[in-house]
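Chemist: Below you will find the structure I want to go over with you.
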Amino acid sequence: MARILLTLRYDGTRYHGWQVQPNAVTVQEVLQDAVERITGVRSGITGCSRTDAGVHANMFCCAMDSDTPLRGDKLCKALNAVLPRDVAVYEAKEVAQEFHPRYDARGKRYEYRLYNGQHRHPFYEGYAVHINRPLNAELLDRAAKDYLGTHDFAAFCASGSSVEDTVRTVSHAAVRREGDLVIFSVAADGFLYNMVRIMVGTLLDISTGRIASDAIPDILASCDRDRAGVTAPACGLYLQEVYYERSDADVTQDI
């Protein structure tokens with residue numbers, strides 16, 4: 001039986017995140033349904049992350065153990081033929097049996113998209129959060145640089161989280177404008193629950209003056225969730241990349 005690493009993209013609008021839930025449709029559930037239709041076996045599938053309801057992914061990695069004879073693009077095409085239109089597998093490769101898509105990840109990169117036009121835009125509904133007041137991307141980029149480095153991000157974690165170690169290392173944090181889109185990009189060795197959405201909410205509060213533009217270091221040092229900004233809506237968030245050491249996710253044989 002081979003361990004197969006599947007890489008997929010999905011529109012999270014109608015899903016309650018990745019992980020199977022008893023009374024809600026999730027990405028993991030529809031992928032398991034597709035695998036069962038193709039192979040006749042309902043395989044357990046382990047994801048690289050838990051994404052919230054409404055969050056999107058351009059690169060989501062998950063692994064399953066299967067003895068399916070389908071190989072490579074044939075497996076991708078077979079799964080895509082039965083998956084919903086808002087979920088698509090674009091790579092399948094065999095990895096070492098000990099590979100774990102979550103614990104072997106060395107880091108992830110997310111983007112958060114804000115539509116900064118005066119009037120609402122139907123093509124961005126559910127895919128970018130509409131902010132109709134002017135946003136100074138240069139100001140927000142300078143403030144975002146204060147996230148860089150190794151810090152205790154307890155102030156940027158959802159209240160009630162059971163995670164004990166809240167120290168993370170952020171290697172990239174930037175805000176850029178692309179026309180009417182203002183995009184926050186952040187990469188780290190790991191993320192806490194709602195961490196990116198709170199980072200964005202804090203930047204938005206900086207944009208209104210509710211939080212001072214130089215306040216992020218003090219907020220980090222406080223470890224106080226109440227000092228940080230609001231939790232931005234899920235629909236603007238995209239998992240963009242998952243990083244592995246090459247040897248971790250290396251192909252053991254062509255599939």
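Chain labels run A, B, ... following the order of the structure tokens; each chain numbers its residues from 1, and ligands are numbered from 1 in the order shown.
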If you run DSSP on the backbone here, which positions in region 148-201 of chain A get helix (DSSP H, G or I)? Please write them as a list in words.
Modeler: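 Of region 148-201 of chain A, the ones in helix (DSSP H, G or I) are Ala154, Ala155, Phe156, Met195, Val196, Arg197, Ile198, Met199, Val200 and Gly201 of chain A.
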Chemist: Show which residues sit within 9 Å of Asp146 (chain A), as a ChimeraX atom specification. Count only C-alpha atoms, and ignore same-chain residues fewer than 3 positions away.
Modeler: /A:142-143,149,173,214-217
Chemist: Those same residues - N, CA, C and O atoms - I'd like them written as a compact mmCIF listing (two decimals), in the first residue's frame.
Modeler:
```
# COMPACT_ATOMS: atom_id res chain seq x y z
N ARG A 142 4.59 49.04 6.14
CA ARG A 142 5.57 49.37 7.18
C ARG A 142 5.15 48.78 8.52
O ARG A 142 5.98 48.23 9.26
N ALA A 143 3.87 48.86 8.84
CA ALA A 143 3.38 48.29 10.11
C ALA A 143 3.52 46.77 10.12
O ALA A 143 3.90 46.17 11.14
N GLY A 149 10.07 38.11 12.49
CA GLY A 149 10.91 37.62 13.57
C GLY A 149 10.20 36.59 14.42
O GLY A 149 9.07 36.16 14.13
N ALA A 173 6.37 39.25 5.78
CA ALA A 173 5.11 39.96 6.05
C ALA A 173 5.13 41.23 5.22
O ALA A 173 6.04 42.04 5.35
N ASP A 214 2.59 52.20 15.21
CA ASP A 214 3.80 51.58 15.78
C ASP A 214 3.48 50.68 16.98
O ASP A 214 4.36 50.36 17.78
N ALA A 215 2.22 50.25 17.10
CA ALA A 215 1.79 49.55 18.32
C ALA A 215 2.02 48.04 18.29
O ALA A 215 1.94 47.39 19.34
N ILE A 216 2.31 47.47 17.13
CA ILE A 216 2.39 46.01 17.04
C ILE A 216 3.44 45.41 17.98
O ILE A 216 3.15 44.40 18.65
N PRO A 217 4.64 45.97 18.10
CA PRO A 217 5.60 45.38 19.07
C PRO A 217 5.05 45.34 20.49
O PRO A 217 5.25 44.34 21.21
```
Chemist: With the cut-off set at 12 Å and counting only C-alpha atoms, tabulate each residue of region 132-234 of chain A with an atom at most that distance from an atom of region 38-53 of chain A, showing the nearest atom pair and its distance in Å to one decimal, ordered by chain and increasing number, as CSV.
Modeler:
```
residue,atom,partner,partner_atom,distance
A:Gly190,CA,A:Ser49,CA,9.9
A:Phe191,CA,A:Ser49,CA,9.5
A:Leu192,CA,A:Arg50,CA,10.5
A:Tyr193,CA,A:Arg50,CA,9.0
A:Asn194,CA,A:Asp52,CA,8.4
A:Met195,CA,A:Asp52,CA,11.5
A:Val196,CA,A:Thr51,CA,11.5
A:Arg197,CA,A:Asp52,CA,10.6
A:Pro233,CA,A:Ala53,CA,10.0
A:Ala234,CA,A:Ala53,CA,7.0
```
Chemist: Can you tell me, as a list in words, what residues are no more than 7 Å from Ala174 (chain A) when counting only C-alpha atoms, ignoring any on the same chain fewer than 6 positions away?
Modeler: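 Near Ala174 (chain A), the qualifying residues are Asp141, Ala144, Lys145, Phe184, Ser185 and Val186 of chain A.
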Chemist: Create the file for the chosen residues now, containing all heavy atoms and written as an mmCIF file, in the first residue's frame.
Modeler:
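selection_10.cif, written as the output of this step:
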```
data_model
loop_
_atom_site.group_PDB
_atom_site.id
_atom_site.type_symbol
_atom_site.label_atom_id
_atom_site.label_comp_id
_atom_site.auth_asym_id
_atom_site.auth_seq_id
_atom_site.Cartn_x
_atom_site.Cartn_y
_atom_site.Cartn_z
ATOM 1 N N ASP A 141 2.140 48.314 4.987
ATOM 2 C CA ASP A 141 3.329 47.485 4.747
ATOM 3 C C ASP A 141 4.390 47.762 5.810
ATOM 4 O O ASP A 141 5.014 46.828 6.334
ATOM 5 C CB ASP A 141 3.880 47.759 3.351
ATOM 6 C CG ASP A 141 5.097 46.905 3.032
ATOM 7 O OD1 ASP A 141 4.955 45.671 3.004
ATOM 8 O OD2 ASP A 141 6.185 47.476 2.833
ATOM 9 N N ALA A 144 3.263 46.129 8.971
ATOM 10 C CA ALA A 144 3.334 44.665 8.883
ATOM 11 C C ALA A 144 4.743 44.151 9.142
ATOM 12 O O ALA A 144 4.920 43.013 9.604
ATOM 13 C CB ALA A 144 2.850 44.206 7.517
ATOM 14 N N LYS A 145 5.753 44.960 8.869
ATOM 15 C CA LYS A 145 7.137 44.527 9.088
ATOM 16 C C LYS A 145 7.407 44.252 10.569
ATOM 17 O O LYS A 145 8.343 43.529 10.910
ATOM 18 C CB LYS A 145 8.113 45.575 8.554
ATOM 19 C CG LYS A 145 8.042 45.753 7.031
ATOM 20 C CD LYS A 145 8.415 44.465 6.296
ATOM 21 C CE LYS A 145 8.480 44.650 4.786
ATOM 22 N NZ LYS A 145 7.149 44.613 4.157
ATOM 23 N N PHE A 184 -2.356 41.335 1.855
ATOM 24 C CA PHE A 184 -1.410 41.055 2.932
ATOM 25 C C PHE A 184 -0.879 39.649 2.721
ATOM 26 O O PHE A 184 -1.641 38.689 2.610
ATOM 27 C CB PHE A 184 -2.100 41.164 4.289
ATOM 28 C CG PHE A 184 -1.268 40.712 5.459
ATOM 29 C CD1 PHE A 184 -0.047 41.302 5.739
ATOM 30 C CD2 PHE A 184 -1.709 39.685 6.291
ATOM 31 C CE1 PHE A 184 0.716 40.888 6.832
ATOM 32 C CE2 PHE A 184 -0.963 39.274 7.382
ATOM 33 C CZ PHE A 184 0.258 39.873 7.653
ATOM 34 N N SER A 185 0.453 39.512 2.665
ATOM 35 C CA SER A 185 1.098 38.219 2.471
ATOM 36 C C SER A 185 1.978 37.925 3.679
ATOM 37 O O SER A 185 2.734 38.811 4.120
ATOM 38 C CB SER A 185 1.943 38.244 1.189
ATOM 39 O OG SER A 185 2.626 37.022 1.004
ATOM 40 N N VAL A 186 1.867 36.722 4.219
ATOM 41 C CA VAL A 186 2.647 36.383 5.410
ATOM 42 C C VAL A 186 3.068 34.919 5.358
ATOM 43 O O VAL A 186 2.277 34.043 4.987
ATOM 44 C CB VAL A 186 1.839 36.677 6.699
ATOM 45 C CG1 VAL A 186 0.531 35.876 6.745
ATOM 46 C CG2 VAL A 186 2.671 36.438 7.942
#
```
Chemist: From a backbone DSSP assignment, name each residue in region 126-218 of chain A labelled strand (DSSP E or B), as a list in words.
Modeler: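 Here are the strand (DSSP E or B) residues of region 126-218 of chain A: Val129, His130, Gly149, Thr150, His151, Asp152, Val167, Arg168, Thr169, Val170, Ser171, His172, Ala173, Ala174, Val175, Arg176, Arg177, Glu178, Leu181, Val182, Ile183, Phe184, Ser185, Val186, Ala187 and Ala188 of chain A.
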Chemist: Can you pull out the residues contacting Ala92 (chain A)? Cut-off 12 Å, using only C-alpha atoms, and skip same-chain residues under 4 positions away; I want them as a PyMOL selection string.
Modeler: chain A and resi 2-8+60-64+66+70-80+88+249-251+253-255
Chemist: Give me, as a list in words, all polymer residues having an atom no more than 12 Å from Pro134 (chain A), counting only C-alpha atoms and skipping those fewer than 5 positions away in the same chain.
Modeler: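 Within the cut-off, the hits are Leu114, Tyr115, Asn116, Gly117, Gln118, Leu139, Leu140, Arg177, Asp180, Leu181, Val182, Leu204, Ser207 and Thr208 of chain A.
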Chemist: Listing only residues of region 76-172 of chain A within 12 Å of region 218-223 of chain A, what is the closest atom pair and its distance in Å (to one decimal) for each, using only C-alpha atoms, sorted by chain and residue number ascending, as JSON lines?
Modeler:
```
{"residue": "A:Asp146", "atom": "CA", "partner": "A:Leu220", "partner_atom": "CA", "distance": 9.3}
{"residue": "A:Tyr147", "atom": "CA", "partner": "A:Leu220", "partner_atom": "CA", "distance": 8.5}
{"residue": "A:Leu148", "atom": "CA", "partner": "A:Leu220", "partner_atom": "CA", "distance": 11.2}
{"residue": "A:Gly149", "atom": "CA", "partner": "A:Leu220", "partner_atom": "CA", "distance": 11.3}
{"residue": "A:Thr150", "atom": "CA", "partner": "A:Leu220", "partner_atom": "CA", "distance": 10.4}
{"residue": "A:His151", "atom": "CA", "partner": "A:Leu220", "partner_atom": "CA", "distance": 7.0}
{"residue": "A:Asp152", "atom": "CA", "partner": "A:Leu220", "partner_atom": "CA", "distance": 6.5}
{"residue": "A:Phe153", "atom": "CA", "partner": "A:Leu220", "partner_atom": "CA", "distance": 6.1}
{"residue": "A:Ala154", "atom": "CA", "partner": "A:Cys223", "partner_atom": "CA", "distance": 4.9}
{"residue": "A:Ala155", "atom": "CA", "partner": "A:Cys223", "partner_atom": "CA", "distance": 4.4}
{"residue": "A:Phe156", "atom": "CA", "partner": "A:Leu220", "partner_atom": "CA", "distance": 7.9}
{"residue": "A:Cys157", "atom": "CA", "partner": "A:Cys223", "partner_atom": "CA", "distance": 9.2}
{"residue": "A:Ala158", "atom": "CA", "partner": "A:Cys223", "partner_atom": "CA", "distance": 11.7}
{"residue": "A:Ser159", "atom": "CA", "partner": "A:Cys223", "partner_atom": "CA", "distance": 11.3}
{"residue": "A:Thr166", "atom": "CA", "partner": "A:Cys223", "partner_atom": "CA", "distance": 9.4}
{"residue": "A:Val167", "atom": "CA", "partner": "A:Leu220", "partner_atom": "CA", "distance": 10.4}
{"residue": "A:Arg168", "atom": "CA", "partner": "A:Leu220", "partner_atom": "CA", "distance": 11.3}
```
Chemist: Leaving out Val87 (chain A) and any residue of its chain fewer than 4 positions from it, which residues lie within 7 Å of it when counting only C-alpha atoms, given as a list of chain:residue names?
Modeler: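 Final neighbour list, sorted by chain and number: A:Arg9, A:Tyr10, A:Asp11, A:Leu83.
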Chemist: Keeping only N, CA, C and O atoms, write those residues as a compact mmCIF listing (two decimals), in the first residue's frame.
Modeler:
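Okay, this is what ended up in out-v7.txt:
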```txt
# COMPACT_ATOMS: atom_id res chain seq x y z
N ARG A 9 -6.51 22.48 -4.90
CA ARG A 9 -7.01 23.84 -4.75
C ARG A 9 -8.50 23.75 -4.42
O ARG A 9 -9.18 22.85 -4.92
N TYR A 10 -8.98 24.69 -3.62
CA TYR A 10 -10.43 24.71 -3.40
C TYR A 10 -10.94 26.09 -3.06
O TYR A 10 -10.24 26.93 -2.51
N ASP A 11 -12.16 26.30 -3.47
CA ASP A 11 -12.95 27.48 -3.12
C ASP A 11 -13.71 27.10 -1.85
O ASP A 11 -14.59 26.23 -1.87
N LEU A 83 -15.16 14.98 -8.22
CA LEU A 83 -15.17 16.02 -7.20
C LEU A 83 -16.12 17.15 -7.58
O LEU A 83 -16.37 17.39 -8.76
```
